[in-house]
$ cat run_14.txt   # compact mmCIF, C-alpha atoms and all ligand atoms
# COMPACT_ATOMS: atom_id res chain seq x y z
CA MET A 129 0.00 0.00 0.00
CA ARG A 130 1.30 3.49 -0.83
CA CYS A 131 1.52 5.97 1.99
CA ALA A 132 0.30 9.54 1.96
CA VAL A 133 3.07 12.10 2.02
CA THR A 134 2.24 15.33 3.76
CA VAL A 135 4.24 18.47 3.05
CA PHE A 136 3.98 21.96 4.43
CA CYS A 137 3.07 24.38 1.67
CA ALA A 138 1.98 27.93 1.07
CA LEU A 139 -0.02 29.40 -1.76
CA GLU A 140 -1.19 32.83 -2.85
CA LEU A 141 -4.35 33.41 -4.86
CA GLU A 142 -5.78 36.61 -6.23
CA ARG A 143 -9.45 37.34 -6.81
CA GLY A 144 -10.05 38.41 -10.42
CA ARG A 145 -11.50 41.89 -10.93
CA GLY A 146 -14.38 40.68 -13.08
CA ARG A 147 -15.89 37.31 -12.21
CA GLY A 148 -15.61 35.93 -8.67
CA THR A 149 -12.75 33.52 -9.31
CA LEU A 150 -9.43 32.94 -7.60
CA ARG A 151 -6.31 32.55 -9.67
CA LEU A 152 -2.95 31.28 -8.52
CA ARG A 153 -0.04 33.69 -8.21
CA GLY A 154 3.41 32.17 -8.61
CA GLU A 155 4.00 28.45 -8.73
CA ALA A 156 1.57 25.87 -7.41
CA PRO A 157 2.96 23.47 -4.80
CA ARG A 158 4.05 20.26 -6.54
CA CYS A 159 1.26 17.76 -6.27
CA ARG A 160 0.29 14.55 -8.06
CA SER A 161 -3.41 15.15 -8.01
CA GLU A 162 -4.97 16.94 -10.97
CA ARG A 163 -7.42 18.60 -8.58
CA PRO A 164 -4.95 19.43 -5.82
CA PHE A 165 -7.11 21.55 -3.55
CA VAL A 166 -10.37 19.68 -3.88
CA THR A 167 -11.67 16.73 -1.91
CA ASP A 168 -14.41 14.38 -3.01
CA ARG A 169 -17.85 15.45 -1.84
CA MET A 170 -18.93 14.05 1.54
CA SER A 171 -22.42 13.73 2.87
CA GLU A 172 -23.60 16.62 5.06
CA ALA A 173 -23.89 14.19 8.00
CA ARG A 174 -20.24 13.18 7.59
CA CYS A 175 -19.14 16.83 7.33
CA THR A 176 -21.01 17.60 10.57
CA GLU A 177 -19.40 14.61 12.27
CA LEU A 178 -15.93 15.82 11.19
CA ARG A 179 -16.60 19.40 12.32
CA ASP A 180 -17.71 18.06 15.73
CA ALA A 181 -14.48 16.04 16.03
CA VAL A 182 -12.40 19.11 15.08
CA ARG A 183 -14.27 21.25 17.65
CA GLU A 184 -13.66 18.63 20.32
CA LYS A 185 -9.94 18.43 19.49
CA TYR A 186 -9.46 22.22 19.54
CA ARG A 187 -11.40 22.60 22.78
CA THR A 188 -8.53 20.58 24.32
CA VAL A 189 -5.88 22.56 22.38
CA SER A 190 -7.30 25.85 23.73
CA ARG A 191 -6.44 24.67 27.24
CA GLU A 192 -2.97 23.22 26.53
CA PRO A 193 -1.52 23.04 23.00
CA SER A 194 1.79 21.39 23.80
CA GLY A 195 1.94 17.65 23.12
CA GLN A 196 -1.10 17.79 20.80
CA PHE A 197 0.74 18.04 17.47
CA PRO A 198 3.55 16.21 15.70
CA TYR A 199 5.24 19.60 15.06
CA PRO A 200 6.39 22.44 17.36
CA VAL A 201 3.91 25.04 18.60
CA GLY A 202 4.04 28.37 20.41
CA ARG A 203 6.85 30.94 20.27
CA GLU A 204 9.55 28.44 19.30
CA SER A 205 7.55 27.42 16.23
CA ALA A 206 6.68 31.03 15.29
CA VAL A 207 10.36 32.06 15.46
CA GLY A 208 11.31 29.09 13.26
CA LEU A 209 8.66 30.11 10.72
CA GLY A 210 10.05 33.65 10.44
CA TYR A 211 7.67 35.62 12.66
CA GLU A 212 9.56 38.76 13.67
CA ALA A 213 10.58 39.11 17.31
CA SER A 214 8.91 42.56 17.45
CA TRP A 215 5.56 40.99 16.42
CA LEU A 216 5.88 38.25 19.03
CA ASP A 217 6.86 40.72 21.75
CA ALA A 218 3.90 42.97 20.94
CA ALA A 219 1.27 40.18 20.79
CA PRO A 220 -0.21 38.93 24.08
CA SER A 221 1.96 36.07 25.41
CA ALA A 222 -1.06 33.75 25.95
CA VAL A 223 -1.76 34.11 22.22
CA VAL A 224 1.87 33.47 21.17
CA ASP A 225 2.00 30.38 23.44
CA ARG A 226 -1.09 28.96 21.70
CA PHE A 227 0.09 29.46 18.12
CA VAL A 228 -0.37 26.13 16.31
CA GLY A 229 0.00 27.27 12.68
CA VAL A 230 2.13 25.43 10.12
CA GLY A 231 3.55 28.37 8.18
CA ASN A 232 3.68 32.15 7.98
CA PRO A 233 1.12 33.49 5.48
CA LEU A 234 1.91 37.09 6.39
CA ARG A 235 5.42 36.76 5.00
CA ILE A 236 4.12 35.68 1.61
CA ARG A 237 2.17 38.90 1.23
CA TRP A 238 2.37 41.56 3.90
CA PRO A 239 -0.96 43.28 4.51
CA ARG A 240 -0.72 46.98 3.59
CA HIS A 241 -1.50 49.86 5.89
CA GLY A 242 -5.27 50.44 6.12
CA GLU A 243 -6.27 47.05 4.64
CA SER A 244 -8.90 44.70 6.06
CA VAL A 245 -7.73 41.13 6.74
CA LEU A 246 -9.76 38.01 7.55
CA ASP A 247 -8.08 34.96 9.17
CA LEU A 248 -9.98 31.70 8.53
CA GLY A 249 -9.71 29.30 11.50
CA CYS A 250 -7.76 31.89 13.49
CA GLY A 251 -7.45 29.70 16.60
CA CYS A 252 -5.96 31.72 19.44
CA GLY A 253 -5.35 34.54 16.99
CA LEU A 254 -1.61 35.25 16.60
CA ASP A 255 -2.01 36.04 12.88
CA VAL A 256 -4.94 38.36 13.67
CA PHE A 257 -2.91 40.38 16.17
CA VAL A 258 0.11 40.53 13.82
CA ALA A 259 -2.10 41.54 10.86
CA SER A 260 -3.66 44.27 12.97
CA LEU A 261 -0.16 45.59 13.79
CA LEU A 262 0.70 45.64 10.08
CA VAL A 263 -2.50 47.31 8.84
CA GLY A 264 -2.43 49.89 11.66
CA PRO A 265 -5.36 51.69 13.30
CA GLU A 266 -6.99 52.56 9.92
CA GLY A 267 -7.13 48.88 9.01
CA ARG A 268 -9.00 45.94 10.50
CA ALA A 269 -8.07 42.32 11.30
CA VAL A 270 -10.80 39.77 11.98
CA GLY A 271 -10.51 36.11 12.98
CA VAL A 272 -13.24 33.52 12.56
CA ASP A 273 -13.16 30.09 14.19
CA LEU A 274 -15.42 27.10 14.64
CA THR A 275 -14.37 26.46 18.25
CA PRO A 276 -15.70 29.05 20.74
CA GLU A 277 -13.11 28.05 23.36
CA MET A 278 -10.25 28.91 20.95
CA ILE A 279 -11.34 32.52 20.53
CA GLU A 280 -12.65 33.35 24.02
CA ARG A 281 -9.18 34.33 25.25
CA PRO A 282 -8.08 36.43 22.20
CA ALA A 283 -11.47 38.15 22.09
CA ARG A 284 -10.95 39.24 25.71
CA LEU A 285 -7.36 40.34 25.05
CA ALA A 286 -8.39 42.26 21.90
CA ALA A 287 -10.45 44.63 24.06
CA GLY A 288 -7.23 45.98 25.63
CA TRP A 289 -5.07 45.75 22.47
CA PRO A 290 -3.56 49.20 21.85
CA HIS A 291 -2.15 48.73 18.32
CA GLY A 292 -5.21 48.52 16.08
CA LYS A 293 -8.50 46.74 15.49
CA ALA A 294 -8.52 43.00 16.24
CA GLU A 295 -11.90 41.24 16.24
CA PHE A 296 -12.97 37.62 16.72
CA ARG A 297 -16.13 35.84 15.58
CA VAL A 298 -17.40 32.29 16.06
CA GLY A 299 -18.34 30.82 12.67
CA THR A 300 -17.50 28.30 10.01
CA ILE A 301 -15.32 28.79 6.96
CA GLU A 302 -17.99 27.06 4.89
CA LYS A 303 -20.56 29.77 5.77
CA LEU A 304 -18.68 32.94 6.67
CA PRO A 305 -20.65 35.49 8.71
CA PHE A 306 -19.67 38.41 6.42
CA GLU A 307 -21.10 40.35 3.47
CA ASP A 308 -19.66 39.94 -0.04
CA ALA A 309 -16.44 41.76 -1.04
CA VAL A 310 -15.43 43.27 2.32
CA PHE A 311 -11.81 42.08 2.80
CA ASP A 312 -8.58 43.04 0.99
CA MET A 313 -6.87 39.89 2.17
CA VAL A 314 -7.95 36.48 3.46
CA ILE A 315 -5.38 34.28 5.20
CA SER A 316 -5.40 30.84 6.77
CA ASN A 317 -2.78 28.87 8.64
CA GLY A 318 -3.06 25.12 9.15
CA VAL A 319 -6.81 25.06 8.68
CA LEU A 320 -7.93 24.07 5.17
CA ASN A 321 -6.71 20.49 5.74
CA LEU A 322 -9.36 20.25 8.49
CA VAL A 323 -12.23 21.45 6.32
CA PRO A 324 -14.17 18.58 4.74
CA ASP A 325 -15.61 20.58 1.81
CA LYS A 326 -12.69 22.54 0.35
CA ASP A 327 -14.65 23.67 -2.74
CA VAL A 328 -17.05 25.54 -0.49
CA ALA A 329 -14.20 26.97 1.63
CA PHE A 330 -12.49 28.46 -1.46
CA ARG A 331 -15.81 29.76 -2.79
CA GLU A 332 -16.55 31.51 0.52
CA ALA A 333 -13.04 33.02 0.67
CA CYS A 334 -13.55 34.33 -2.86
CA ARG A 335 -17.00 35.73 -2.01
CA VAL A 336 -15.79 37.86 0.93
CA LEU A 337 -12.69 39.16 -0.93
CA LYS A 338 -12.85 42.49 -2.73
CA PRO A 339 -12.08 42.21 -6.47
CA GLY A 340 -8.26 42.12 -6.76
CA GLY A 341 -8.01 40.88 -3.14
CA HIS A 342 -5.53 38.24 -2.02
CA PHE A 343 -5.93 34.83 -0.39
CA VAL A 344 -2.78 33.42 1.22
CA ALA A 345 -2.84 29.99 2.84
CA ALA A 346 -0.20 27.97 4.65
CA ASP A 347 -1.20 24.36 5.03
CA LEU A 348 -0.48 20.67 4.86
CA LEU A 349 -0.71 19.13 1.44
CA VAL A 350 -1.10 15.43 0.79
CA THR A 351 0.90 14.52 -2.28
CA ASP A 352 0.06 10.86 -2.65
CA THR A 353 -2.77 8.38 -2.17
CA VAL A 354 -4.30 8.41 1.30
CA PRO A 355 -4.94 4.89 2.64
CA PRO A 356 -8.65 4.21 3.30
CA GLN A 357 -8.11 3.60 7.01
CA VAL A 358 -6.57 7.08 7.31
CA LEU A 359 -9.40 8.65 5.28
CA SER A 360 -11.98 7.15 7.61
CA SER A 361 -10.11 8.03 10.83
CA MET A 362 -11.65 10.93 12.77
CA ASP A 363 -8.35 11.37 14.56
CA ALA A 364 -6.40 11.77 11.32
CA TRP A 365 -8.96 14.30 10.01
CA SER A 366 -9.07 16.41 13.13
CA THR A 367 -5.32 16.65 13.85
C1 LIG B 401 -4.33 23.99 13.47
S1 LIG B 401 -5.42 25.18 14.19
C2 LIG B 401 -4.69 26.66 13.54
C3 LIG B 401 -5.03 27.85 14.39
C4 LIG B 401 -4.39 29.16 13.94
N1 LIG B 401 -4.60 29.41 12.53
C5 LIG B 401 -2.91 29.22 14.26
O1 LIG B 401 -2.13 29.44 13.30
O2 LIG B 401 -2.55 29.07 15.43
C6 LIG B 401 -6.89 24.99 13.26
C7 LIG B 401 -8.04 25.92 13.71
O3 LIG B 401 -9.05 25.86 12.67
C8 LIG B 401 -10.33 25.84 13.29
N2 LIG B 401 -11.24 25.23 12.29
C9 LIG B 401 -11.19 23.96 11.81
N3 LIG B 401 -12.18 23.75 10.93
C10 LIG B 401 -12.87 24.92 10.82
C11 LIG B 401 -14.01 25.35 10.08
N4 LIG B 401 -14.64 24.50 9.25
N5 LIG B 401 -14.45 26.62 10.23
C12 LIG B 401 -13.81 27.48 11.09
N6 LIG B 401 -12.74 27.13 11.83
C13 LIG B 401 -12.26 25.88 11.70
C14 LIG B 401 -10.12 25.03 14.56
O4 LIG B 401 -11.13 25.28 15.52
C15 LIG B 401 -8.73 25.50 15.00
O5 LIG B 401 -8.80 26.59 15.87

$ encode --input "run_14.txt" --output "structure tokens"
Amino acid sequence: MRCAVTVFCALELERGRGRGTLRLRGEAPRCRSERPFVTDRMSEARCTELRDAVREKYRTVSREPSGQFPYPVGRESAVGLGYEASWLDAAPSAVVDRFVGVGNPLRIRWPRHGESVLDLGCGCGLDVFVASLLVGPEGRAVGVDLTPEMIERPARLAAGWPHGKAEFRVGTIEKLPFEDAVFDMVISNGVLNLVPDKDVAFREACRVLKPGGHFVAADLLVTDTVPPQVLSSMDAWST
């Protein structure tokens, strides 16, 4: 049996100015699949079951992230991924400690001053706080996450955040609680691999982006066949 190979990857997409489509900027990550970012359709019941398993997993992560992932987390990981020391010193330490991303989307395209940024599956919100530093007080950084426990802490800390506007909302990537065309940039970090219906996730990201807006994702990419026992494992899906 062939094994799935998982690689860390990053990609940048731009929303076309005319029709609501996303096109790739730069080179696509190398991948064997002809439909690299799309999973086969699952039943709605199965999607709900997977979302419940993810919520359960991240409820635990919100309390104590260390030991929950096969890769480093917290400040050590963020430093290794190129987050600047000044960003990590400015962000609340409880947020830095709970960073469980797999890459650094903000280094691929830095948000410009005054822009609005949406972080899909923001978790404890490090990328939201950093984006709000970069866009400044005239800009806006918003995080949305499925797991209420993940965003309780950052939502509280955002109230006393002196560097800009950081906001947090409970919601799903598949049905974003925002109007059309309101963000200049959408980011995600270690999240799309957890979303059962990736077609819908990309469509929603495209819907909330302004024409010409950017979507930058850092994620895990499977580059080979996934064995059936892994595909049907809730644990594999929710980690
Ligand atoms: C690996 S963590 C990454 C957290 C954060 N991006 C970071 O870099 O620390 C994945 C996050 O995605 C959230 N998530 C997973 N599936 C989601 C979905 N369908 N809609 C919204 N959030 C989701 C989880 O609750 C969790 O907080």

$ closest_residue --input "run_14.txt" --among "A:Leu216, A:Ile315, A:Met170, A:Ala269" --to "ligand LIG 401 (chain B)" --atoms "all atoms listed in the file"
A:Ile315

$ residues_near_ligand --input "run_14.txt" --ligand "ligand LIG 401 (chain B)" --cutoff "7 Å" --atoms "all atoms listed in the file" --output "NGL selection string"
:A and (179 or 182-183 or 186 or 226-230 or 248-255 or 272-275 or 278 or 299-302 or 316-319 or 322-323)

$ write_last_selection --input "run_14.txt" --atoms "C-alpha atoms" --output "mmCIF file, in the coordinates of the input"
data_model
loop_
_atom_site.group_PDB
_atom_site.id
_atom_site.type_symbol
_atom_site.label_atom_id
_atom_site.label_comp_id
_atom_site.auth_asym_id
_atom_site.auth_seq_id
_atom_site.Cartn_x
_atom_site.Cartn_y
_atom_site.Cartn_z
ATOM 1 C CA ARG A 179 -16.600 19.400 12.320
ATOM 2 C CA VAL A 182 -12.400 19.110 15.080
ATOM 3 C CA ARG A 183 -14.270 21.250 17.650
ATOM 4 C CA TYR A 186 -9.460 22.220 19.540
ATOM 5 C CA ARG A 226 -1.090 28.960 21.700
ATOM 6 C CA PHE A 227 0.090 29.460 18.120
ATOM 7 C CA VAL A 228 -0.370 26.130 16.310
ATOM 8 C CA GLY A 229 0.000 27.270 12.680
ATOM 9 C CA VAL A 230 2.130 25.430 10.120
ATOM 10 C CA LEU A 248 -9.980 31.700 8.530
ATOM 11 C CA GLY A 249 -9.710 29.300 11.500
ATOM 12 C CA CYS A 250 -7.760 31.890 13.490
ATOM 13 C CA GLY A 251 -7.450 29.700 16.600
ATOM 14 C CA CYS A 252 -5.960 31.720 19.440
ATOM 15 C CA GLY A 253 -5.350 34.540 16.990
ATOM 16 C CA LEU A 254 -1.610 35.250 16.600
ATOM 17 C CA ASP A 255 -2.010 36.040 12.880
ATOM 18 C CA VAL A 272 -13.240 33.520 12.560
ATOM 19 C CA ASP A 273 -13.160 30.090 14.190
ATOM 20 C CA LEU A 274 -15.420 27.100 14.640
ATOM 21 C CA THR A 275 -14.370 26.460 18.250
ATOM 22 C CA MET A 278 -10.250 28.910 20.950
ATOM 23 C CA GLY A 299 -18.340 30.820 12.670
ATOM 24 C CA THR A 300 -17.500 28.300 10.010
ATOM 25 C CA ILE A 301 -15.320 28.790 6.960
ATOM 26 C CA GLU A 302 -17.990 27.060 4.890
ATOM 27 C CA SER A 316 -5.400 30.840 6.770
ATOM 28 C CA ASN A 317 -2.780 28.870 8.640
ATOM 29 C CA GLY A 318 -3.060 25.120 9.150
ATOM 30 C CA VAL A 319 -6.810 25.060 8.680
ATOM 31 C CA LEU A 322 -9.360 20.250 8.490
ATOM 32 C CA VAL A 323 -12.230 21.450 6.320
#

$ residues_around --input "run_14.txt" --residues "stretch 257-264 of chain A" --least-positions-apart "6" --cutoff "8 Å" --atoms "all atoms listed in the file" --output "MDAnalysis selection string"
chainID A and resid 215 219 234 238:245 291:294

$ atom_distance --input "run_14.txt" --atom1 "atom CA of A:Gly210" --atom2 "atom CA of A:Arg235"
7.8 Å

$ atom_distance --input "run_14.txt" --atom1 "atom CA of A:Pro220" --atom2 "atom CA of A:Gly288"
10.1 Å

$ closest_residue --input "run_14.txt" --among "A:Thr367, A:Asp352, A:Ile236, A:Asp325" --to "A:Met313" --atoms "all atoms listed in the file"
A:Ile236

$ closest_residue --input "run_14.txt" --among "A:Asp225, A:Glu266, A:Glu280, A:Asp247" --to "A:Pro200" --atoms "all atoms listed in the file"
A:Asp225

$ atom_distance --input "run_14.txt" --atom1 "atom CA of A:Leu178" --atom2 "atom CA of A:Pro324"
7.2 Å

$ closest_residue --input "run_14.txt" --among "A:Arg187, A:Lys338, A:Arg174, A:Lys326" --to "A:Pro276" --atoms "all atoms listed in the file"
A:Arg187
